[in-house]
file coords-v6.txt (compact mmCIF, N, CA and C atoms and all ligand atoms)
# COMPACT_ATOMS: atom_id res chain seq x y z
N MET I 458 103.43 -134.48 67.40
CA MET I 458 102.92 -133.17 67.83
C MET I 458 102.27 -132.42 66.67
N ALA I 459 101.25 -131.70 66.98
CA ALA I 459 100.50 -131.01 65.94
C ALA I 459 100.99 -129.58 65.74
N THR I 460 100.94 -129.14 64.48
CA THR I 460 101.18 -127.72 64.20
C THR I 460 99.93 -126.95 64.62
N GLU I 461 100.12 -125.92 65.42
CA GLU I 461 99.01 -125.13 65.92
C GLU I 461 99.23 -123.66 65.59
N ARG I 462 98.15 -122.89 65.74
CA ARG I 462 98.25 -121.43 65.71
C ARG I 462 97.76 -120.87 67.02
N THR I 463 98.41 -119.79 67.46
CA THR I 463 97.98 -119.10 68.66
C THR I 463 97.99 -117.60 68.41
N PHE I 464 97.33 -116.88 69.30
CA PHE I 464 97.22 -115.43 69.15
C PHE I 464 98.07 -114.75 70.21
N SER I 465 98.79 -113.71 69.79
CA SER I 465 99.73 -113.00 70.67
C SER I 465 99.50 -111.50 70.57
N ILE I 466 99.68 -110.81 71.67
CA ILE I 466 99.69 -109.34 71.65
C ILE I 466 100.97 -108.86 72.32
N ILE I 467 101.65 -107.91 71.66
CA ILE I 467 102.71 -107.14 72.32
C ILE I 467 102.01 -105.90 72.88
N LYS I 468 102.03 -105.77 74.21
CA LYS I 468 101.17 -104.80 74.92
C LYS I 468 101.78 -103.39 74.93
N PRO I 469 100.98 -102.37 75.34
CA PRO I 469 101.45 -100.98 75.28
C PRO I 469 102.72 -100.68 76.08
N ASP I 470 102.94 -101.35 77.18
CA ASP I 470 104.18 -101.08 77.94
C ASP I 470 105.41 -101.44 77.11
N ALA I 471 105.27 -102.47 76.26
CA ALA I 471 106.41 -102.92 75.45
C ALA I 471 106.58 -102.05 74.20
N THR I 472 105.46 -101.67 73.54
CA THR I 472 105.62 -100.81 72.36
C THR I 472 106.19 -99.45 72.80
N ALA I 473 105.80 -98.98 73.99
CA ALA I 473 106.30 -97.68 74.47
C ALA I 473 107.82 -97.69 74.65
N ARG I 474 108.36 -98.86 75.02
CA ARG I 474 109.81 -98.96 75.25
C ARG I 474 110.55 -99.52 74.02
N ASN I 475 109.84 -99.56 72.88
CA ASN I 475 110.47 -99.95 71.61
C ASN I 475 111.02 -101.38 71.65
N LEU I 476 110.23 -102.28 72.25
CA LEU I 476 110.68 -103.66 72.45
C LEU I 476 110.06 -104.65 71.48
N THR I 477 109.37 -104.18 70.45
CA THR I 477 108.65 -105.13 69.59
C THR I 477 109.60 -106.11 68.90
N GLY I 478 110.73 -105.61 68.45
CA GLY I 478 111.68 -106.49 67.77
C GLY I 478 112.31 -107.51 68.70
N LYS I 479 112.65 -107.05 69.90
CA LYS I 479 113.27 -107.98 70.87
C LYS I 479 112.28 -109.08 71.26
N ILE I 480 111.00 -108.71 71.41
CA ILE I 480 109.99 -109.71 71.77
C ILE I 480 109.74 -110.67 70.60
N ALA I 481 109.63 -110.13 69.39
CA ALA I 481 109.44 -111.00 68.22
C ALA I 481 110.61 -111.97 68.08
N ALA I 482 111.82 -111.50 68.36
CA ALA I 482 113.00 -112.38 68.27
C ALA I 482 112.91 -113.53 69.27
N LYS I 483 112.42 -113.25 70.48
CA LYS I 483 112.26 -114.32 71.49
C LYS I 483 111.26 -115.37 70.99
N LEU I 484 110.17 -114.89 70.37
CA LEU I 484 109.15 -115.82 69.86
C LEU I 484 109.75 -116.67 68.74
N GLU I 485 110.46 -116.04 67.83
CA GLU I 485 111.06 -116.77 66.70
C GLU I 485 112.15 -117.72 67.19
N ASP I 486 112.94 -117.29 68.16
CA ASP I 486 113.99 -118.16 68.70
C ASP I 486 113.39 -119.41 69.36
N ALA I 487 112.14 -119.29 69.84
CA ALA I 487 111.47 -120.44 70.46
C ALA I 487 110.87 -121.37 69.42
N GLY I 488 111.01 -121.02 68.13
CA GLY I 488 110.51 -121.89 67.07
C GLY I 488 109.14 -121.49 66.55
N LEU I 489 108.64 -120.35 67.01
CA LEU I 489 107.33 -119.89 66.54
C LEU I 489 107.50 -119.01 65.31
N ARG I 490 106.59 -119.17 64.35
CA ARG I 490 106.63 -118.40 63.10
C ARG I 490 105.52 -117.35 63.14
N ILE I 491 105.87 -116.10 62.87
CA ILE I 491 104.87 -115.02 62.89
C ILE I 491 104.20 -115.00 61.51
N VAL I 492 102.97 -115.55 61.44
CA VAL I 492 102.29 -115.69 60.14
C VAL I 492 101.29 -114.57 59.89
N ALA I 493 101.10 -113.71 60.88
CA ALA I 493 100.29 -112.49 60.70
C ALA I 493 100.73 -111.50 61.76
N SER I 494 100.71 -110.21 61.40
CA SER I 494 101.14 -109.18 62.34
C SER I 494 100.57 -107.83 61.93
N LYS I 495 100.03 -107.10 62.89
CA LYS I 495 99.64 -105.72 62.60
C LYS I 495 99.67 -104.89 63.88
N ARG I 496 100.06 -103.63 63.69
CA ARG I 496 100.13 -102.69 64.81
C ARG I 496 98.85 -101.86 64.79
N VAL I 497 98.15 -101.83 65.93
CA VAL I 497 96.87 -101.13 66.02
C VAL I 497 96.81 -100.38 67.34
N HIS I 498 95.81 -99.52 67.47
CA HIS I 498 95.55 -98.85 68.75
C HIS I 498 94.08 -99.09 69.07
N TRP I 499 93.81 -99.97 70.06
CA TRP I 499 92.44 -100.34 70.37
C TRP I 499 91.69 -99.18 71.01
N ASN I 500 90.39 -99.10 70.70
CA ASN I 500 89.51 -98.22 71.47
C ASN I 500 88.93 -99.01 72.64
N GLU I 501 88.17 -98.33 73.48
CA GLU I 501 87.66 -98.97 74.70
C GLU I 501 86.78 -100.18 74.38
N ALA I 502 85.93 -100.04 73.37
CA ALA I 502 85.02 -101.14 73.02
C ALA I 502 85.80 -102.38 72.59
N GLN I 503 86.86 -102.18 71.84
CA GLN I 503 87.67 -103.33 71.39
C GLN I 503 88.36 -104.03 72.56
N ALA I 504 88.93 -103.25 73.47
CA ALA I 504 89.61 -103.84 74.64
C ALA I 504 88.61 -104.55 75.54
N LYS I 505 87.45 -103.94 75.74
CA LYS I 505 86.42 -104.56 76.60
C LYS I 505 85.95 -105.88 76.02
N LYS I 506 85.77 -105.90 74.71
CA LYS I 506 85.31 -107.13 74.05
C LYS I 506 86.38 -108.23 74.19
N PHE I 507 87.64 -107.88 73.92
CA PHE I 507 88.70 -108.88 73.98
C PHE I 507 88.82 -109.49 75.38
N TYR I 508 88.71 -108.64 76.40
CA TYR I 508 88.92 -109.10 77.78
C TYR I 508 87.61 -109.34 78.53
N GLU I 509 86.51 -109.57 77.79
CA GLU I 509 85.21 -109.69 78.49
C GLU I 509 85.17 -110.86 79.47
N VAL I 510 86.00 -111.90 79.26
CA VAL I 510 86.06 -113.01 80.23
C VAL I 510 86.51 -112.54 81.60
N HIS I 511 87.21 -111.41 81.65
CA HIS I 511 87.70 -110.88 82.92
C HIS I 511 86.81 -109.76 83.48
N ALA I 512 85.60 -109.59 82.91
CA ALA I 512 84.76 -108.42 83.25
C ALA I 512 84.46 -108.33 84.75
N GLU I 513 84.40 -109.47 85.43
CA GLU I 513 84.07 -109.44 86.87
C GLU I 513 85.30 -109.30 87.75
N ARG I 514 86.47 -109.33 87.16
CA ARG I 514 87.70 -109.26 87.97
C ARG I 514 87.96 -107.84 88.42
N PRO I 515 88.56 -107.65 89.60
CA PRO I 515 88.80 -106.30 90.12
C PRO I 515 89.72 -105.47 89.24
N PHE I 516 90.58 -106.12 88.46
CA PHE I 516 91.54 -105.38 87.65
C PHE I 516 91.02 -105.06 86.24
N TYR I 517 89.76 -105.38 85.94
CA TYR I 517 89.24 -105.27 84.57
C TYR I 517 89.31 -103.84 84.01
N ASN I 518 88.82 -102.86 84.77
CA ASN I 518 88.80 -101.48 84.24
C ASN I 518 90.21 -100.96 84.01
N ASP I 519 91.11 -101.25 84.96
CA ASP I 519 92.51 -100.83 84.79
C ASP I 519 93.13 -101.51 83.57
N LEU I 520 92.80 -102.78 83.38
CA LEU I 520 93.35 -103.53 82.25
C LEU I 520 92.88 -102.91 80.92
N VAL I 521 91.60 -102.55 80.85
CA VAL I 521 91.06 -101.92 79.64
C VAL I 521 91.75 -100.57 79.40
N SER I 522 91.94 -99.78 80.46
CA SER I 522 92.64 -98.48 80.32
C SER I 522 94.06 -98.70 79.81
N PHE I 523 94.74 -99.67 80.40
CA PHE I 523 96.12 -99.97 80.00
C PHE I 523 96.18 -100.39 78.53
N MET I 524 95.30 -101.29 78.13
CA MET I 524 95.37 -101.85 76.77
C MET I 524 94.97 -100.84 75.69
N THR I 525 94.33 -99.73 76.11
CA THR I 525 93.97 -98.67 75.16
C THR I 525 94.91 -97.47 75.28
N SER I 526 95.95 -97.60 76.10
CA SER I 526 96.82 -96.44 76.40
C SER I 526 97.87 -96.19 75.33
N GLY I 527 98.04 -97.11 74.39
CA GLY I 527 99.05 -96.94 73.35
C GLY I 527 98.93 -98.03 72.33
N PRO I 528 99.80 -98.01 71.32
CA PRO I 528 99.74 -99.03 70.28
C PRO I 528 100.09 -100.42 70.80
N ILE I 529 99.53 -101.41 70.12
CA ILE I 529 99.82 -102.81 70.43
C ILE I 529 100.11 -103.54 69.11
N VAL I 530 100.77 -104.68 69.21
CA VAL I 530 101.03 -105.47 68.00
C VAL I 530 100.32 -106.81 68.15
N LEU I 531 99.38 -107.04 67.23
CA LEU I 531 98.62 -108.30 67.20
C LEU I 531 99.34 -109.28 66.28
N GLN I 532 99.49 -110.51 66.73
CA GLN I 532 100.21 -111.49 65.90
C GLN I 532 99.51 -112.85 65.96
N VAL I 533 99.63 -113.59 64.87
CA VAL I 533 99.30 -115.01 64.88
C VAL I 533 100.63 -115.76 64.79
N LEU I 534 100.82 -116.69 65.71
CA LEU I 534 102.05 -117.48 65.77
C LEU I 534 101.73 -118.92 65.40
N GLU I 535 102.60 -119.53 64.63
CA GLU I 535 102.37 -120.90 64.18
C GLU I 535 103.57 -121.77 64.52
N GLY I 536 103.31 -122.99 64.90
CA GLY I 536 104.40 -123.93 65.17
C GLY I 536 103.91 -125.15 65.91
N GLU I 537 104.84 -126.10 66.14
CA GLU I 537 104.53 -127.28 66.94
C GLU I 537 104.14 -126.83 68.34
N ASN I 538 102.98 -127.28 68.81
CA ASN I 538 102.58 -126.94 70.18
C ASN I 538 102.61 -125.44 70.44
N ALA I 539 102.20 -124.65 69.48
CA ALA I 539 102.38 -123.19 69.55
C ALA I 539 101.73 -122.56 70.80
N ILE I 540 100.60 -123.08 71.21
CA ILE I 540 99.89 -122.44 72.34
C ILE I 540 100.72 -122.58 73.62
N ALA I 541 101.14 -123.80 73.92
CA ALA I 541 101.95 -124.04 75.13
C ALA I 541 103.33 -123.41 75.00
N LYS I 542 103.91 -123.49 73.81
CA LYS I 542 105.26 -122.94 73.61
C LYS I 542 105.27 -121.42 73.83
N ASN I 543 104.24 -120.76 73.31
CA ASN I 543 104.16 -119.30 73.50
C ASN I 543 104.00 -118.97 74.98
N ARG I 544 103.13 -119.70 75.68
CA ARG I 544 102.95 -119.45 77.12
C ARG I 544 104.28 -119.67 77.86
N GLU I 545 105.03 -120.66 77.42
CA GLU I 545 106.31 -120.96 78.08
C GLU I 545 107.30 -119.81 77.87
N VAL I 546 107.41 -119.32 76.66
CA VAL I 546 108.39 -118.26 76.38
C VAL I 546 107.92 -116.92 76.95
N MET I 547 106.59 -116.75 77.14
CA MET I 547 106.07 -115.54 77.81
C MET I 547 106.47 -115.51 79.28
N GLY I 548 106.34 -116.63 79.96
CA GLY I 548 106.58 -116.69 81.40
C GLY I 548 105.31 -116.39 82.19
N ALA I 549 105.41 -116.51 83.51
CA ALA I 549 104.25 -116.34 84.39
C ALA I 549 103.67 -114.93 84.29
N THR I 550 102.35 -114.84 84.55
CA THR I 550 101.63 -113.55 84.47
C THR I 550 102.35 -112.48 85.29
N ASN I 551 102.74 -112.85 86.51
CA ASN I 551 103.48 -111.94 87.39
C ASN I 551 104.99 -112.08 87.11
N PRO I 552 105.62 -111.03 86.61
CA PRO I 552 107.04 -111.17 86.25
C PRO I 552 107.93 -111.59 87.41
N GLU I 553 107.50 -111.30 88.64
CA GLU I 553 108.30 -111.74 89.80
C GLU I 553 108.35 -113.25 89.89
N GLU I 554 107.35 -113.93 89.28
CA GLU I 554 107.29 -115.39 89.32
C GLU I 554 107.75 -116.02 88.00
N ALA I 555 108.12 -115.19 87.04
CA ALA I 555 108.47 -115.71 85.71
C ALA I 555 109.88 -116.31 85.73
N ALA I 556 110.05 -117.38 84.95
CA ALA I 556 111.35 -118.06 84.89
C ALA I 556 112.37 -117.22 84.13
N ALA I 557 113.62 -117.45 84.44
CA ALA I 557 114.73 -116.75 83.77
C ALA I 557 114.66 -116.98 82.27
N GLY I 558 114.93 -115.93 81.52
CA GLY I 558 114.97 -116.04 80.06
C GLY I 558 113.64 -115.81 79.38
N THR I 559 112.54 -115.78 80.15
CA THR I 559 111.22 -115.56 79.54
C THR I 559 111.02 -114.07 79.24
N ILE I 560 110.07 -113.80 78.34
CA ILE I 560 109.79 -112.41 77.94
C ILE I 560 109.39 -111.58 79.15
N ARG I 561 108.49 -112.12 79.99
CA ARG I 561 108.02 -111.32 81.13
C ARG I 561 109.11 -111.11 82.17
N LYS I 562 109.97 -112.11 82.36
CA LYS I 562 111.07 -111.92 83.31
C LYS I 562 112.00 -110.80 82.83
N GLU I 563 112.27 -110.78 81.54
CA GLU I 563 113.23 -109.79 81.01
C GLU I 563 112.63 -108.42 80.80
N PHE I 564 111.34 -108.38 80.42
CA PHE I 564 110.80 -107.10 79.96
C PHE I 564 109.61 -106.55 80.75
N ALA I 565 108.82 -107.38 81.43
CA ALA I 565 107.59 -106.89 82.05
C ALA I 565 107.89 -105.92 83.18
N GLU I 566 107.00 -104.94 83.36
CA GLU I 566 107.17 -103.95 84.43
C GLU I 566 106.50 -104.41 85.72
N ASN I 567 105.32 -105.05 85.60
CA ASN I 567 104.60 -105.57 86.77
C ASN I 567 103.49 -106.51 86.27
N ILE I 568 102.65 -106.98 87.20
CA ILE I 568 101.65 -108.01 86.83
C ILE I 568 100.66 -107.52 85.78
N GLU I 569 100.38 -106.23 85.75
CA GLU I 569 99.48 -105.68 84.72
C GLU I 569 100.26 -105.34 83.44
N ARG I 570 101.32 -104.58 83.61
CA ARG I 570 102.12 -104.13 82.46
C ARG I 570 103.14 -105.22 82.14
N ASN I 571 102.60 -106.36 81.65
CA ASN I 571 103.45 -107.54 81.53
C ASN I 571 103.81 -107.91 80.08
N SER I 572 103.79 -106.90 79.22
CA SER I 572 104.44 -106.94 77.89
C SER I 572 103.79 -107.78 76.81
N VAL I 573 103.19 -108.91 77.18
CA VAL I 573 102.62 -109.80 76.16
C VAL I 573 101.35 -110.48 76.64
N HIS I 574 100.52 -110.83 75.67
CA HIS I 574 99.38 -111.73 75.88
C HIS I 574 99.59 -112.95 75.01
N GLY I 575 99.12 -114.11 75.48
CA GLY I 575 99.08 -115.31 74.65
C GLY I 575 97.85 -116.13 74.97
N SER I 576 97.23 -116.69 73.94
CA SER I 576 96.03 -117.51 74.15
C SER I 576 96.33 -118.65 75.12
N ASP I 577 95.32 -119.02 75.92
CA ASP I 577 95.55 -120.06 76.95
C ASP I 577 94.97 -121.43 76.58
N SER I 578 94.32 -121.55 75.42
CA SER I 578 93.78 -122.85 75.00
C SER I 578 93.55 -122.81 73.49
N ALA I 579 93.37 -124.00 72.90
CA ALA I 579 93.12 -124.06 71.45
C ALA I 579 91.81 -123.35 71.11
N GLU I 580 90.83 -123.54 71.95
CA GLU I 580 89.52 -122.90 71.72
C GLU I 580 89.65 -121.38 71.74
N ASN I 581 90.33 -120.85 72.76
CA ASN I 581 90.48 -119.39 72.85
C ASN I 581 91.39 -118.85 71.75
N ALA I 582 92.39 -119.63 71.35
CA ALA I 582 93.26 -119.18 70.26
C ALA I 582 92.42 -118.94 69.00
N GLN I 583 91.54 -119.88 68.69
CA GLN I 583 90.70 -119.73 67.49
C GLN I 583 89.78 -118.53 67.61
N ILE I 584 89.18 -118.35 68.78
CA ILE I 584 88.27 -117.22 69.00
C ILE I 584 89.03 -115.90 68.85
N GLU I 585 90.21 -115.82 69.45
CA GLU I 585 90.99 -114.57 69.45
C GLU I 585 91.55 -114.26 68.05
N ILE I 586 91.97 -115.29 67.33
CA ILE I 586 92.44 -115.08 65.94
C ILE I 586 91.28 -114.56 65.09
N ASP I 587 90.13 -115.21 65.19
CA ASP I 587 88.97 -114.82 64.36
C ASP I 587 88.49 -113.41 64.69
N LEU I 588 88.66 -113.01 65.95
CA LEU I 588 88.23 -111.67 66.37
C LEU I 588 89.14 -110.57 65.81
N ASN I 589 90.38 -110.92 65.53
CA ASN I 589 91.38 -109.89 65.20
C ASN I 589 91.96 -109.94 63.79
N PHE I 590 91.76 -111.05 63.09
CA PHE I 590 92.33 -111.17 61.74
C PHE I 590 91.31 -111.78 60.78
N THR I 591 91.36 -111.30 59.53
CA THR I 591 90.62 -111.98 58.46
C THR I 591 91.53 -113.06 57.88
N ALA I 592 90.94 -114.02 57.22
CA ALA I 592 91.73 -115.16 56.70
C ALA I 592 92.85 -114.70 55.77
N ASP I 593 92.60 -113.67 54.97
CA ASP I 593 93.62 -113.24 54.00
C ASP I 593 94.76 -112.46 54.65
N GLU I 594 94.63 -112.11 55.91
CA GLU I 594 95.73 -111.43 56.62
C GLU I 594 96.72 -112.43 57.22
N ILE I 595 96.38 -113.72 57.19
CA ILE I 595 97.24 -114.75 57.76
C ILE I 595 97.91 -115.50 56.61
N VAL I 596 99.23 -115.40 56.57
CA VAL I 596 99.97 -116.00 55.44
C VAL I 596 101.07 -116.91 56.01
N GLY I 597 100.80 -118.20 55.98
CA GLY I 597 101.74 -119.14 56.59
C GLY I 597 102.86 -119.55 55.66
P1 LIG F 1 97.23 -112.83 79.12
O1 LIG F 1 95.78 -113.25 79.12
O2 LIG F 1 97.44 -111.35 78.92
O3 LIG F 1 98.07 -113.66 78.20
P2 LIG F 1 97.62 -114.33 81.50
O4 LIG F 1 96.78 -115.39 80.83
O5 LIG F 1 98.97 -114.71 82.02
O6 LIG F 1 97.85 -113.10 80.54
P3 LIG F 1 95.20 -113.52 82.86
O7 LIG F 1 94.87 -114.10 84.18
O8 LIG F 1 94.47 -113.99 81.64
O9 LIG F 1 96.80 -113.65 82.65
O10 LIG F 1 95.06 -111.93 82.98
C1 LIG F 1 94.97 -111.14 81.82
C2 LIG F 1 95.81 -109.90 82.02
O11 LIG F 1 95.25 -109.11 83.06
C3 LIG F 1 97.26 -110.15 82.50
O12 LIG F 1 98.14 -110.46 81.46
C4 LIG F 1 97.59 -108.83 83.12
O13 LIG F 1 97.91 -107.83 82.15
C5 LIG F 1 96.27 -108.46 83.80
N1 LIG F 1 96.21 -108.97 85.18
C6 LIG F 1 96.08 -110.25 85.59
N2 LIG F 1 96.07 -110.35 86.92
C7 LIG F 1 96.19 -109.09 87.38
C8 LIG F 1 96.24 -108.49 88.68
N3 LIG F 1 96.15 -109.25 89.78
N4 LIG F 1 96.39 -107.15 88.76
C9 LIG F 1 96.47 -106.37 87.66
N5 LIG F 1 96.41 -106.86 86.41
C10 LIG F 1 96.29 -108.19 86.27
MG MG F 2 94.89 -114.95 79.89

call {"tool": "encode", "arguments": {"input": "coords-v6.txt", "output": "structure tokens"}}
result
Amino acid sequence: MATERTFSIIKPDATARNLTGKIAAKLEDAGLRIVASKRVHWNEAQAKKFYEVHAERPFYNDLVSFMTSGPIVLQVLEGENAIAKNREVMGATNPEEAAAGTIRKEFAENIERNSVHGSDSAENAQIEIDLNFTADEIVG
């Protein structure tokens, strides 16, 4: 298995409820190493750019409003199979469908306010990392 990097966001619903440490612990317990981390507050242009793949979806404007509604924590996670492992520990997009023990099952409020983002492919992980971090901000 290859060591990979993936991109993660702790979303505004989770920072509002002071859950950043509990979520980071779940990621670390799953064997993922947080090799970069910063807390930011996106403006509309930043959220629109990040989620532009969803621009045609009916939930796009609400998603942009939500992601700019409060602080978020951007992270790069490293580990064996990091992309799939992160998706596994996150759980299904809709918390009602998420497996027991996953971040979304334990913490998400609903399908939109679902506490975390994780890259869905190696290609998107690289794009999302490059969009949010400079090389010197990632320390493995
Ligand atoms: P993410 O990309 O955040 O890791 P995901 O890959 O599980 O989540 P996507 O289909 O990429 O889900 O949707 C991106 C985000 O848009 C979701 O995490 C959620 O916040 C929001 N979203 C997705 N589907 C809906 C929906 N039907 N209604 C409202 N918001 C939604
Ligand atoms: Mg996605």

call {"tool": "select_by_dssp", "arguments": {"input": "coords-v6.txt", "residues": "chain I", "states": "strand (DSSP E)", "output": "JSON, numbers by chain"}}
result
{"I": [460, 461, 462, 463, 464, 465, 466, 467, 490, 491, 492, 493, 494, 495, 496, 497, 529, 530, 531, 532, 533, 534, 535, 536, 537, 573, 574, 575]}

call {"tool": "residues_near_ligand", "arguments": {"input": "coords-v6.txt", "ligand": "ligand MG 2 (chain F)", "cutoff": "9 Å", "atoms": "only C-alpha atoms and all ligand atoms", "output": "PyMOL selection string"}}
result
chain I and resi 508+511+550+574-577

call {"tool": "residues_near_ligand", "arguments": {"input": "coords-v6.txt", "ligand": "ligand LIG 1 (chain F)", "cutoff": "7 Å", "atoms": "only N, CA and C atoms and all ligand atoms", "output": "PyMOL selection string"}}
result
chain I and resi 515-517+519-520+548-551+568-577

call {"tool": "closest_atom_pairs", "arguments": {"input": "coords-v6.txt", "of": "segment 491-530 of chain I", "to": "segment 460-468 of chain I", "cutoff": "7 Å", "atoms": "all atoms listed in the file", "output": "Markdown table"}}
result
| residue | atom | partner | partner_atom | distance |
| --- | --- | --- | --- | --- |
| I:Met524 | CA | I:Lys468 | CA | 6.8 |
| I:Gly527 | C | I:Lys468 | C | 6.6 |
| I:Pro528 | C | I:Lys468 | C | 5.4 |
| I:Ile529 | CA | I:Ile467 | C | 4.5 |
| I:Val530 | C | I:Ile467 | N | 3.9 |

call {"tool": "atom_distance", "arguments": {"input": "coords-v6.txt", "atom1": "atom N of Lys483 of chain I", "atom2": "atom C of Glu594 of chain I"}}
result
20.6 Å

call {"tool": "select_by_dssp", "arguments": {"input": "coords-v6.txt", "residues": "chain I", "states": "alpha helix (DSSP H)", "output": "MDAnalysis selection string"}}
result
chainID I and resid 469:473 477:486 501:507 517:524 539:547 560:564 579:589

call {"tool": "atom_distance", "arguments": {"input": "coords-v6.txt", "atom1": "atom CA of Ala502 of chain I", "atom2": "atom N of Leu531 of chain I"}}
result
16.6 Å

call {"tool": "decode", "arguments": {"input": "coords-v6.txt", "residues": "segment 521-534 of chain I", "atoms": "N, CA and C atoms", "output": "PDB file, in the first residue's frame"}}
result
ATOM      1  N   VAL I 521     -22.216  27.234  -0.163  1.00  0.00           N
ATOM      2  CA  VAL I 521     -21.268  28.359  -0.097  1.00  0.00           C
ATOM      3  C   VAL I 521     -21.579  29.231   1.125  1.00  0.00           C
ATOM      4  N   SER I 522     -22.857  29.508   1.381  1.00  0.00           N
ATOM      5  CA  SER I 522     -23.238  30.304   2.567  1.00  0.00           C
ATOM      6  C   SER I 522     -22.782  29.606   3.846  1.00  0.00           C
ATOM      7  N   PHE I 523     -23.040  28.302   3.903  1.00  0.00           N
ATOM      8  CA  PHE I 523     -22.653  27.529   5.087  1.00  0.00           C
ATOM      9  C   PHE I 523     -21.135  27.562   5.294  1.00  0.00           C
ATOM     10  N   MET I 524     -20.384  27.331   4.231  1.00  0.00           N
ATOM     11  CA  MET I 524     -18.921  27.216   4.376  1.00  0.00           C
ATOM     12  C   MET I 524     -18.247  28.554   4.677  1.00  0.00           C
ATOM     13  N   THR I 525     -18.986  29.666   4.484  1.00  0.00           N
ATOM     14  CA  THR I 525     -18.453  30.993   4.824  1.00  0.00           C
ATOM     15  C   THR I 525     -19.063  31.521   6.130  1.00  0.00           C
ATOM     16  N   SER I 526     -19.853  30.696   6.803  1.00  0.00           N
ATOM     17  CA  SER I 526     -20.603  31.167   7.980  1.00  0.00           C
ATOM     18  C   SER I 526     -19.765  31.193   9.255  1.00  0.00           C
ATOM     19  N   GLY I 527     -18.580  30.613   9.229  1.00  0.00           N
ATOM     20  CA  GLY I 527     -17.744  30.572  10.431  1.00  0.00           C
ATOM     21  C   GLY I 527     -16.386  30.006  10.097  1.00  0.00           C
ATOM     22  N   PRO I 528     -15.519  29.903  11.104  1.00  0.00           N
ATOM     23  CA  PRO I 528     -14.185  29.374  10.856  1.00  0.00           C
ATOM     24  C   PRO I 528     -14.197  27.900  10.464  1.00  0.00           C
ATOM     25  N   ILE I 529     -13.173  27.520   9.719  1.00  0.00           N
ATOM     26  CA  ILE I 529     -12.986  26.123   9.320  1.00  0.00           C
ATOM     27  C   ILE I 529     -11.515  25.760   9.569  1.00  0.00           C
ATOM     28  N   VAL I 530     -11.248  24.467   9.658  1.00  0.00           N
ATOM     29  CA  VAL I 530      -9.864  24.025   9.830  1.00  0.00           C
ATOM     30  C   VAL I 530      -9.473  23.192   8.605  1.00  0.00           C
ATOM     31  N   LEU I 531      -8.467  23.698   7.888  1.00  0.00           N
ATOM     32  CA  LEU I 531      -7.944  23.009   6.700  1.00  0.00           C
ATOM     33  C   LEU I 531      -6.786  22.120   7.137  1.00  0.00           C
ATOM     34  N   GLN I 532      -6.775  20.887   6.656  1.00  0.00           N
ATOM     35  CA  GLN I 532      -5.710  19.963   7.065  1.00  0.00           C
ATOM     36  C   GLN I 532      -5.231  19.132   5.874  1.00  0.00           C
ATOM     37  N   VAL I 533      -3.961  18.771   5.914  1.00  0.00           N
ATOM     38  CA  VAL I 533      -3.440  17.732   5.037  1.00  0.00           C
ATOM     39  C   VAL I 533      -3.189  16.510   5.911  1.00  0.00           C
ATOM     40  N   LEU I 534      -3.726  15.378   5.489  1.00  0.00           N
ATOM     41  CA  LEU I 534      -3.588  14.130   6.231  1.00  0.00           C
ATOM     42  C   LEU I 534      -2.712  13.175   5.430  1.00  0.00           C
TER      43      LEU I 534
END
